[in-house]
Amino acid sequence: MAMCNRQLVFDKLRPLCVQLSKDHSRKNVVAVTKALEGIDRGCIQDLQEYLLFPLRIILKQPTKYSEDFYTDLFTLMEKILGCSRVWNWELFTDLFTSSCVMISSPSEHGSPEGKATAKSEDLKTAVVQNIKTLVSKSDYSIIQKLFSLQSLPVLGVAVSILLDIADTEKCRSLKVLAIKCLTELSQVDGKYCNKVRAMLGDTLASFLPGITITLCKIITGDQRQGHSVIATAIYAWTKIVGLTMDDILIEESQKRVQQPILAGTVEDKIKKLAIKRDSTWVEMTGKKLNVLVKQICSVRGHSNWKVRLALAESAGSLLQGCTRSLHSSIPDFMEILVGLISDEYTNVANKSRKILNIFTHTHLGPECRPLVEMLEENLHNLSTSLPRIIRCVDENRKFSALSLMSGYIDLLGSDINHLLMSASHLKRLSLSLVQVFELDTTDIKIIEERTTWIGHDADFVSCVHVSDVIKPRKNFKHFHDKKIEKELKNICRLLGYYGSISLLVDHFLDLFHESILHKMQATMIINELMLGAAGEGVISYQEKDFEKRRENNIEELESIVEMLIDEYLSPSNMYLVTSPHHNHSVRSTPENRLMALELVTGQTSNQLSSFNRNIIQICLYLEGIGTFAKVLKDRYFPYLMKTIYPLLEKLGDETAYISSTAYLTLCDICHVCQYKSIGELVQRNADYLVNAISLRLRHFCENKKSPLVLKVMLQYSSSDILPLIGDTIQEILESLDENYEHEALLFLRVLNELVKAVLRWFKDSAGNNLEKKQQVSSEKRTDDKLDVVSYIKEYLHLKKVSEGDITQNDDTSQYDEQPAEDIPEDQDMDADQKKDPPLHVTAVKEVLFRCKHLLSSRNPSIRLLALDTIANSCRALQSHQDELLPMIHEIWMPYSARFVDEEKLVTKKAVESLMVMADTSGDFICRRCTKDVFPKMINFLEKQAEISKGSSKAYLHTINFKLQQCILGQIGGICKQLGVSGNNLDLVSSVCVLYLSARQPKFLQKIAMETCTILISLDPDPMWLKLCDLYHPKEFLSYVPLFKPVKFKSTPGAKNEFAENVIELLKLPEMGS
């Protein structure tokens, strides 16, 4: 509870004050400070002068004390002043002057110079805090005298010291405190009438240059000084400039009658310091402040949102109160606010938009053309400087410039059309956007990436899961930040939204046709303009009713879309060269003629760039079609038939960028046209697509991409489509026969997809057949056990016959007693009449028949694809053994030749397909394999075993190692599937055990262990002998004298390179260990 008895308080403090007056020590200062705790403010107010008296005495002493003592003293003084108010001018002057003198450097004449002394930060902090509290606790009469002409020098010294501290000190808290003290000293937040504020502004005008320049230096200084320093400096700069340059206060100042100054009261030097804020001074000061405003504008891109918020508030405050006096700075204030309306922090963006809304509603309109013209001029100047800005290093500066441009366009709204009507302005704006949108086409990944994700699972990827698909990246030449790309697109959309869409599209189409270098950028801009015209993805702080705008413009948009679809899908645009395998049937276009020239001259870097440019150009056309679907929405149905065929054609393209873009476009169309997936889209329009494919196949030389559409239909459709495409498949087969030499790879890809589709559609029947096969195998193993029992019974029976116990007649009579089974005659007739195979089986047989001839092609890619097709065909026909086995017999000769192919990759693929064939056909190919294939594989493994032994790590990356790995890993499974035994199995095991050597690569050892495990399960005894020949831990002695000891090639217990792996294999249960 605070002490409020004045006498008791005085009795408590009096001895402490007396002691402090006598003994100037820190101990006594601290004692007074502690004694003040808990004392009522009213008592401190009454005892104010008494408490301050010893402090004033100490400050006037010539003796210098320690800085810590002065720090405690000013802390005590600030505490006393904070609990009371100052009414006495002499007391205020004494304390104010003493405080300034304490932290100022004396000049040559002994008077304060206006610079802070080199004293401790704690002392400066205590003194500055004391000055701030002293001014804030002073009565209005004190403030009035402080801002009078007589006190101008004292006030000037204080302002100079505070500015020096704020500018030169390193301590952030001290800098912030000095700026806040300056703000308090300026009385900018005082609740005074306009006459008093005008008087304060007149006095502050004398110090305005120094204050504004120093604070501007702090604002634009190093960001490492901290955002709090910069934000506080912006606030102080705004308030002080606002007080001195406020339009209303300047008018009040000019009306105010200057009181006559009595002779002798003020020196002539002081009179010269007084400023009269007439129109001349206002105009000159406004121009000089504009220089500082332009410098402060650079802080718009500061990393801290609090600084940007302070800057927005500063611009708004000065726009509101200083429109006439700072008219030359209005464009800069607008630039700050416009640049911040798209800020990533909502507080900053909302504040900027709110200020702009208030300003534009009062200053924009038919009667305010000067402001509109100013915005148009700023936009034109920015368009001129944008290409230079976009080539600089600083990404933040680029983003700020683009944010500014989008803000200007949004602020102008429909008035942007006045600027677009000017040919020079439109050309300048369009060329700057074209230069900014320039794409980097040097990345080899663009042409290198191949379509891998579109396959048999593609049917399950619908437009709902578009986010899971990797969208092709666009690498821009002059920037890499995604937010810059987003801002650029918003600029184009705002232009399309507010501007004349017909004028803009026509202009950019002219640029599109004008030069190859502008095509990509112009296409991208047109796509964004169309989105903006429909209100899709437009970020505007003014307009909200986008759907209404789209409905009003829908007729115009529909006609533009029709024109652009015809332009994009024209053969000269859609069929560009995208790979080094030049297709001579491609139309003659400027791009293709340039490509042909580069192919002839052999300029590799230019070729790569041209291929990439064409790939990206096609992607932009495809994106544009998706954009048009979003623009027209339900009105897009009439254009579906025109676009679905080329889109599916591009979806089957081998270039990943093109196929992925086509996929995303089709997803957009599915969403707009309310299809659940691309599969449903294809299914519902299959009749049109089949007809289109058939018509184009008749003129195949001019439509060499048409088979790709059938390939895509097979990828995305279900088995319901098979009856519709039966004739088309036959036409594809006939076209393959006619174009065997040049286009076999193209057709084979389609046939391979057909086989995959059949396998996918009818996999249940194949699965059921596999279960039956396993069941038959199980029954066979049971029958084998019964055969052993029958064999023993037969043996005993024959023995009794030979010994005469049973006569031959008795034996035959047993069999005669068994009645013969009646076999219906109809069953024999049905067996002779075979049913016609299903349509899909016939199609797969036709494909296999073509693969027979393609296996010997000179092109390794065709041979690889043929082998893959054979493997898939075997899986597809697994449930139709009567059709599969004759076809395997038919293709066997060219197929077996692939195991000695000159291309090791082809041999590797042949081994993999043999495993599939063995799995589907069983022991049908057992004899063929052991005769035609196994010798080739065994020979290769024997040769490579010597090469791989002790090889370096580099060998692991060779094709021979990969083939070695494949054969070694598959041969065991093949033997198991075919039921290989006897000498053939012995040959396989003899070569496999070579890879158990510790000198072989670890990976090969691991595979050899797995293969040997399979061989052991097939026939353990021969494998036990072979392993013991390599290494056996002990000598095997028989307990029966009749058997001789077993002798092996290896010495018992002698460790060698095979020991470790052999020991592991001998531990298997089949080895009997």
# chains A, B, ... in the order shown; residues from 1 in each chain; ligands from 1

call {"tool": "select_by_dssp", "arguments": {"residues": "range 950-1012 of chain A", "states": "alpha helix (DSSP H)", "output": "number ranges by chain"}}
result
A: 959-978, 982-992, 1002-1012

call {"tool": "residues_around", "arguments": {"residues": "Asp443 in chain A", "least_positions_apart": "5", "cutoff": "10 Å", "atoms": "only C-alpha atoms", "output": "PyMOL selection string"}}
result
chain A and resi 448+475+608-609+612

call {"tool": "write_last_selection", "arguments": {"atoms": "N, CA and C atoms", "output": "compact mmCIF listing (two decimals), in the first residue's frame"}}
result
# COMPACT_ATOMS: atom_id res chain seq x y z
N GLU A 448 15.25 -35.21 -73.13
CA GLU A 448 15.75 -36.50 -72.66
C GLU A 448 14.68 -37.31 -71.94
N ASN A 475 11.42 -23.40 -67.21
CA ASN A 475 12.58 -22.70 -66.67
C ASN A 475 12.72 -21.37 -67.42
N LEU A 608 19.91 -28.83 -79.88
CA LEU A 608 19.27 -29.11 -78.60
C LEU A 608 18.28 -28.01 -78.25
N SER A 609 18.70 -26.77 -78.41
CA SER A 609 17.84 -25.64 -78.08
C SER A 609 16.60 -25.62 -78.97
N ASN A 612 14.21 -28.47 -77.93
CA ASN A 612 13.53 -28.07 -76.69
C ASN A 612 12.50 -26.97 -76.94

call {"tool": "closest_residue", "arguments": {"among": "A:Ile143, A:Ser138, A:Ala315, A:Leu177", "to": "Ala126 in chain A", "atoms": "only C-alpha atoms"}}
result
A:Leu177

call {"tool": "closest_residue", "arguments": {"among": "A:Ile142, A:Met334, A:Cys673, A:Ile1014", "to": "Leu1065 in chain A", "atoms": "only C-alpha atoms"}}
result
A:Ile1014

call {"tool": "atom_distance", "arguments": {"atom1": "CA of Lys145 in chain A", "atom2": "CA of Cys100 in chain A"}}
result
17.5 Å

call {"tool": "residues_around", "arguments": {"residues": "Ser948 in chain A", "least_positions_apart": "2", "cutoff": "10 Å", "atoms": "only C-alpha atoms", "output": "VMD selection string"}}
result
chain A and resid 941 943 to 946 950 to 952 955 to 956 960 to 961 964 995 999 to 1001 1004

call {"tool": "write_last_selection", "arguments": {"atoms": "all heavy atoms", "output": "short mmCIF file (atom, residue, chain, number, x, y, z; two decimals), in the first residue's frame"}}
result
data_model
loop_
_atom_site.label_atom_id
_atom_site.label_comp_id
_atom_site.auth_asym_id
_atom_site.auth_seq_id
_atom_site.Cartn_x
_atom_site.Cartn_y
_atom_site.Cartn_z
N LEU A 941 28.34 -67.85 -69.38
CA LEU A 941 28.66 -67.79 -67.95
C LEU A 941 30.07 -68.31 -67.67
O LEU A 941 30.76 -67.77 -66.80
CB LEU A 941 27.63 -68.60 -67.15
CG LEU A 941 26.23 -67.99 -67.03
CD1 LEU A 941 25.31 -68.94 -66.28
CD2 LEU A 941 26.27 -66.65 -66.31
N LYS A 943 32.73 -68.19 -69.69
CA LYS A 943 33.71 -67.18 -70.14
C LYS A 943 33.75 -66.00 -69.18
O LYS A 943 34.82 -65.51 -68.81
CB LYS A 943 33.35 -66.70 -71.54
CG LYS A 943 33.60 -67.74 -72.62
CD LYS A 943 33.24 -67.17 -73.99
CE LYS A 943 33.50 -68.19 -75.10
NZ LYS A 943 33.14 -67.66 -76.44
N GLN A 944 32.55 -65.51 -68.79
CA GLN A 944 32.51 -64.32 -67.94
C GLN A 944 32.95 -64.60 -66.51
O GLN A 944 33.35 -63.68 -65.80
CB GLN A 944 31.09 -63.75 -67.92
CG GLN A 944 30.66 -63.12 -69.24
CD GLN A 944 31.58 -62.00 -69.68
OE1 GLN A 944 32.13 -62.04 -70.79
NE2 GLN A 944 31.77 -61.03 -68.83
N ALA A 945 32.89 -65.88 -66.07
CA ALA A 945 33.33 -66.20 -64.72
C ALA A 945 34.80 -65.87 -64.53
O ALA A 945 35.22 -65.40 -63.47
CB ALA A 945 33.07 -67.67 -64.41
N GLU A 946 35.59 -66.11 -65.54
CA GLU A 946 37.02 -65.79 -65.46
C GLU A 946 37.26 -64.28 -65.50
O GLU A 946 38.19 -63.77 -64.87
CB GLU A 946 37.77 -66.47 -66.62
CG GLU A 946 37.77 -67.99 -66.55
CD GLU A 946 38.46 -68.50 -65.29
OE1 GLU A 946 39.46 -67.88 -64.86
OE2 GLU A 946 37.97 -69.49 -64.72
N GLY A 950 37.81 -61.30 -59.48
CA GLY A 950 38.81 -60.29 -59.12
C GLY A 950 38.69 -58.99 -59.88
O GLY A 950 39.66 -58.22 -59.93
N SER A 951 37.56 -58.72 -60.49
CA SER A 951 37.39 -57.49 -61.28
C SER A 951 37.20 -56.28 -60.37
O SER A 951 36.87 -56.41 -59.20
CB SER A 951 36.19 -57.62 -62.22
OG SER A 951 35.02 -57.86 -61.47
N SER A 952 37.36 -55.10 -60.95
CA SER A 952 37.21 -53.84 -60.19
C SER A 952 35.74 -53.43 -60.15
O SER A 952 34.88 -54.05 -60.79
CB SER A 952 38.05 -52.73 -60.83
OG SER A 952 37.56 -52.46 -62.14
N TYR A 955 33.68 -52.77 -63.39
CA TYR A 955 33.07 -53.88 -64.13
C TYR A 955 31.57 -54.00 -63.81
O TYR A 955 30.79 -54.45 -64.65
CB TYR A 955 33.79 -55.19 -63.77
CG TYR A 955 33.18 -56.42 -64.44
CD1 TYR A 955 33.39 -56.67 -65.79
CD2 TYR A 955 32.39 -57.31 -63.72
CE1 TYR A 955 32.82 -57.77 -66.41
CE2 TYR A 955 31.82 -58.42 -64.32
CZ TYR A 955 32.04 -58.64 -65.67
OH TYR A 955 31.48 -59.73 -66.28
N LEU A 956 31.17 -53.56 -62.62
CA LEU A 956 29.77 -53.68 -62.21
C LEU A 956 28.84 -52.80 -63.05
O LEU A 956 27.62 -52.97 -62.99
CB LEU A 956 29.63 -53.31 -60.73
CG LEU A 956 30.47 -54.11 -59.73
CD1 LEU A 956 30.21 -53.62 -58.32
CD2 LEU A 956 30.18 -55.60 -59.84
N ASN A 960 28.04 -56.47 -69.90
CA ASN A 960 28.34 -57.89 -69.70
C ASN A 960 27.98 -58.33 -68.28
O ASN A 960 27.46 -59.43 -68.08
CB ASN A 960 29.81 -58.18 -69.98
CG ASN A 960 30.12 -58.23 -71.45
OD1 ASN A 960 29.26 -58.59 -72.26
ND2 ASN A 960 31.33 -57.87 -71.85
N PHE A 961 28.29 -57.47 -67.31
CA PHE A 961 27.94 -57.81 -65.93
C PHE A 961 26.41 -57.91 -65.76
O PHE A 961 25.91 -58.81 -65.09
CB PHE A 961 28.50 -56.76 -64.97
CG PHE A 961 28.00 -56.90 -63.56
CD1 PHE A 961 28.52 -57.88 -62.72
CD2 PHE A 961 26.99 -56.08 -63.07
CE1 PHE A 961 28.05 -58.02 -61.43
CE2 PHE A 961 26.53 -56.21 -61.78
CZ PHE A 961 27.06 -57.19 -60.96
N GLN A 964 25.31 -61.09 -67.32
CA GLN A 964 25.77 -62.17 -66.44
C GLN A 964 24.85 -62.30 -65.22
O GLN A 964 24.43 -63.40 -64.84
CB GLN A 964 27.20 -61.82 -66.00
CG GLN A 964 27.98 -62.91 -65.32
CD GLN A 964 29.40 -62.43 -65.02
OE1 GLN A 964 29.72 -61.25 -65.20
NE2 GLN A 964 30.24 -63.34 -64.58
N TYR A 995 30.55 -69.41 -59.43
CA TYR A 995 30.30 -68.06 -58.89
C TYR A 995 30.19 -68.06 -57.37
O TYR A 995 29.88 -67.02 -56.78
CB TYR A 995 29.03 -67.48 -59.52
CG TYR A 995 29.21 -67.14 -60.97
CD1 TYR A 995 28.95 -68.08 -61.96
CD2 TYR A 995 29.68 -65.89 -61.36
CE1 TYR A 995 29.13 -67.77 -63.31
CE2 TYR A 995 29.86 -65.57 -62.70
CZ TYR A 995 29.58 -66.51 -63.67
OH TYR A 995 29.77 -66.20 -64.99
N ARG A 999 36.17 -64.52 -54.79
CA ARG A 999 36.80 -63.53 -55.66
C ARG A 999 35.80 -62.92 -56.65
O ARG A 999 36.12 -61.96 -57.34
CB ARG A 999 37.96 -64.17 -56.41
CG ARG A 999 39.09 -64.66 -55.49
CD ARG A 999 40.20 -65.31 -56.30
NE ARG A 999 40.79 -64.39 -57.23
CZ ARG A 999 41.61 -64.73 -58.24
NH1 ARG A 999 41.94 -66.02 -58.39
NH2 ARG A 999 42.10 -63.83 -59.06
N GLN A 1000 34.63 -63.52 -56.72
CA GLN A 1000 33.59 -62.96 -57.58
C GLN A 1000 32.96 -61.74 -56.89
O GLN A 1000 33.00 -61.64 -55.66
CB GLN A 1000 32.51 -64.01 -57.85
CG GLN A 1000 32.95 -65.19 -58.69
CD GLN A 1000 33.13 -64.82 -60.15
OE1 GLN A 1000 32.74 -63.75 -60.60
NE2 GLN A 1000 33.77 -65.72 -60.90
N PRO A 1001 32.36 -60.81 -57.64
CA PRO A 1001 31.65 -59.68 -57.02
C PRO A 1001 30.58 -60.17 -56.04
O PRO A 1001 29.94 -61.19 -56.26
CB PRO A 1001 31.03 -58.95 -58.21
CG PRO A 1001 31.88 -59.31 -59.38
CD PRO A 1001 32.36 -60.71 -59.12
N LEU A 1004 27.16 -61.04 -57.43
CA LEU A 1004 27.08 -62.30 -58.17
C LEU A 1004 27.10 -63.49 -57.22
O LEU A 1004 26.45 -64.50 -57.46
CB LEU A 1004 28.23 -62.39 -59.18
CG LEU A 1004 28.16 -61.44 -60.38
CD1 LEU A 1004 29.34 -61.67 -61.30
CD2 LEU A 1004 26.86 -61.63 -61.15
#

call {"tool": "residues_around", "arguments": {"residues": "range 694-701 of chain A", "least_positions_apart": "3", "cutoff": "8 Å", "atoms": "only C-alpha atoms", "output": "compact mmCIF listing (two decimals) with all heavy atoms, in the first residue's frame"}}
result
# COMPACT_ATOMS: atom_id res chain seq x y z
N SER A 585 8.13 -36.46 -93.42
CA SER A 585 6.73 -36.21 -93.76
C SER A 585 6.18 -35.00 -93.04
O SER A 585 5.07 -34.57 -93.31
CB SER A 585 5.88 -37.44 -93.41
OG SER A 585 5.83 -37.63 -92.01
N VAL A 690 -12.21 -44.09 -83.67
CA VAL A 690 -11.90 -45.23 -84.54
C VAL A 690 -12.05 -44.83 -86.00
O VAL A 690 -11.22 -45.18 -86.85
CB VAL A 690 -12.82 -46.41 -84.19
CG1 VAL A 690 -12.74 -47.50 -85.25
CG2 VAL A 690 -12.44 -46.99 -82.84
N ASN A 691 -13.09 -44.08 -86.31
CA ASN A 691 -13.29 -43.62 -87.68
C ASN A 691 -12.16 -42.70 -88.12
O ASN A 691 -11.66 -42.80 -89.25
CB ASN A 691 -14.64 -42.90 -87.77
CG ASN A 691 -14.95 -42.44 -89.18
OD1 ASN A 691 -14.97 -43.23 -90.12
ND2 ASN A 691 -15.17 -41.15 -89.35
N LYS A 704 1.50 -40.10 -89.93
CA LYS A 704 2.30 -41.16 -89.32
C LYS A 704 2.16 -41.23 -87.81
O LYS A 704 2.70 -42.13 -87.18
CB LYS A 704 3.77 -40.98 -89.70
CG LYS A 704 4.02 -41.21 -91.18
CD LYS A 704 5.48 -41.34 -91.51
CE LYS A 704 5.67 -41.70 -92.98
NZ LYS A 704 7.08 -41.88 -93.33
N SER A 706 -0.91 -41.35 -86.44
CA SER A 706 -2.24 -41.87 -86.16
C SER A 706 -2.25 -43.15 -85.33
O SER A 706 -3.16 -43.33 -84.50
CB SER A 706 -2.99 -42.09 -87.48
OG SER A 706 -2.24 -42.89 -88.36
N PRO A 707 -1.30 -44.08 -85.47
CA PRO A 707 -1.33 -45.26 -84.60
C PRO A 707 -1.22 -44.94 -83.11
O PRO A 707 -1.66 -45.73 -82.27
CB PRO A 707 -0.14 -46.10 -85.08
CG PRO A 707 0.09 -45.67 -86.48
CD PRO A 707 -0.26 -44.22 -86.52
N THR A 728 -9.95 -51.83 -86.86
CA THR A 728 -8.79 -50.92 -86.82
C THR A 728 -7.51 -51.69 -86.52
O THR A 728 -6.45 -51.38 -87.10
CB THR A 728 -9.02 -49.85 -85.73
OG1 THR A 728 -10.27 -49.23 -85.93
CG2 THR A 728 -7.92 -48.80 -85.78
N GLU A 731 -6.39 -53.18 -89.64
CA GLU A 731 -5.77 -52.18 -90.51
C GLU A 731 -4.36 -51.85 -90.05
O GLU A 731 -3.46 -51.62 -90.87
CB GLU A 731 -6.63 -50.91 -90.50
CG GLU A 731 -7.97 -51.07 -91.21
CD GLU A 731 -8.82 -49.82 -91.11
OE1 GLU A 731 -8.34 -48.83 -90.53
OE2 GLU A 731 -9.96 -49.83 -91.60
N ILE A 732 -4.14 -51.83 -88.74
CA ILE A 732 -2.79 -51.60 -88.21
C ILE A 732 -1.86 -52.72 -88.65
O ILE A 732 -0.71 -52.49 -89.07
CB ILE A 732 -2.84 -51.49 -86.67
CG1 ILE A 732 -3.54 -50.21 -86.22
CG2 ILE A 732 -1.43 -51.56 -86.08
CD1 ILE A 732 -2.76 -48.94 -86.44
N SER A 735 -1.10 -52.28 -92.24
CA SER A 735 -0.19 -51.16 -92.45
C SER A 735 1.23 -51.55 -92.05
O SER A 735 2.21 -51.11 -92.68
CB SER A 735 -0.65 -49.95 -91.63
OG SER A 735 -1.91 -49.52 -92.03

call {"tool": "residues_around", "arguments": {"residues": "Thr930 in chain A", "least_positions_apart": "4", "cutoff": "7 Å", "atoms": "only C-alpha atoms", "output": "NGL selection string"}}
result
:A and (926 or 934 or 984)

call {"tool": "closest_residue", "arguments": {"among": "A:Gly286, A:Leu371, A:Ile355, A:Glu551", "to": "Gly316 in chain A", "atoms": "only C-alpha atoms"}}
result
A:Ile355

call {"tool": "residues_around", "arguments": {"residues": "Asn381 in chain A", "least_positions_apart": "4", "cutoff": "12 Å", "atoms": "only C-alpha atoms", "output": "JSON, numbers by chain"}}
result
{"A": [331, 374, 375, 376, 377, 385, 386, 387, 388, 389, 401, 404, 405, 408, 425, 428, 429, 432]}

call {"tool": "atom_distance", "arguments": {"atom1": "CA of Gln48 in chain A", "atom2": "CA of Lys180 in chain A"}}
result
25.3 Å

call {"tool": "closest_residue", "arguments": {"among": "A:Lys115, A:Arg473, A:Arg635, A:Lys763", "to": "Ile658 in chain A", "atoms": "only C-alpha atoms"}}
result
A:Arg473

call {"tool": "decode", "arguments": {"residues": "range 95-106 of chain A", "atoms": "N, CA, C and O atoms", "output": "short mmCIF file (atom, residue, chain, number, x, y, z; two decimals), in the first residue's frame"}}
result
data_model
loop_
_atom_site.label_atom_id
_atom_site.label_comp_id
_atom_site.auth_asym_id
_atom_site.auth_seq_id
_atom_site.Cartn_x
_atom_site.Cartn_y
_atom_site.Cartn_z
N LEU A 95 17.06 20.97 -15.85
CA LEU A 95 17.17 19.52 -16.05
C LEU A 95 17.43 19.18 -17.52
O LEU A 95 18.23 18.29 -17.83
N PHE A 96 16.75 19.87 -18.42
CA PHE A 96 16.89 19.60 -19.85
C PHE A 96 18.31 19.89 -20.32
O PHE A 96 18.94 19.10 -21.03
N THR A 97 18.82 21.06 -19.88
CA THR A 97 20.18 21.45 -20.28
C THR A 97 21.21 20.52 -19.68
O THR A 97 22.17 20.10 -20.36
N SER A 98 21.05 20.19 -18.42
CA SER A 98 22.01 19.29 -17.76
C SER A 98 22.06 17.93 -18.44
O SER A 98 23.13 17.34 -18.60
N SER A 99 20.91 17.44 -18.82
CA SER A 99 20.85 16.14 -19.49
C SER A 99 21.55 16.19 -20.84
O SER A 99 22.31 15.28 -21.20
N CYS A 100 21.33 17.27 -21.61
CA CYS A 100 21.95 17.39 -22.93
C CYS A 100 23.47 17.53 -22.80
O CYS A 100 24.23 16.94 -23.58
N VAL A 101 23.89 18.31 -21.80
CA VAL A 101 25.33 18.53 -21.61
C VAL A 101 26.01 17.22 -21.22
O VAL A 101 27.15 16.95 -21.62
N MET A 102 25.34 16.37 -20.45
CA MET A 102 25.92 15.14 -19.96
C MET A 102 26.36 14.21 -21.11
O MET A 102 27.39 13.54 -21.03
N ILE A 103 25.60 14.18 -22.21
CA ILE A 103 25.92 13.21 -23.28
C ILE A 103 26.38 13.89 -24.56
O ILE A 103 26.46 13.25 -25.61
N SER A 104 26.70 15.19 -24.49
CA SER A 104 27.14 15.89 -25.69
C SER A 104 28.64 16.16 -25.61
O SER A 104 29.22 16.26 -24.53
N SER A 105 29.21 16.24 -26.79
CA SER A 105 30.64 16.55 -26.86
C SER A 105 30.80 18.06 -26.86
O SER A 105 30.20 18.75 -27.70
N PRO A 106 31.65 18.62 -25.97
CA PRO A 106 31.82 20.09 -25.93
C PRO A 106 32.62 20.56 -27.14
O PRO A 106 33.51 19.87 -27.64
#
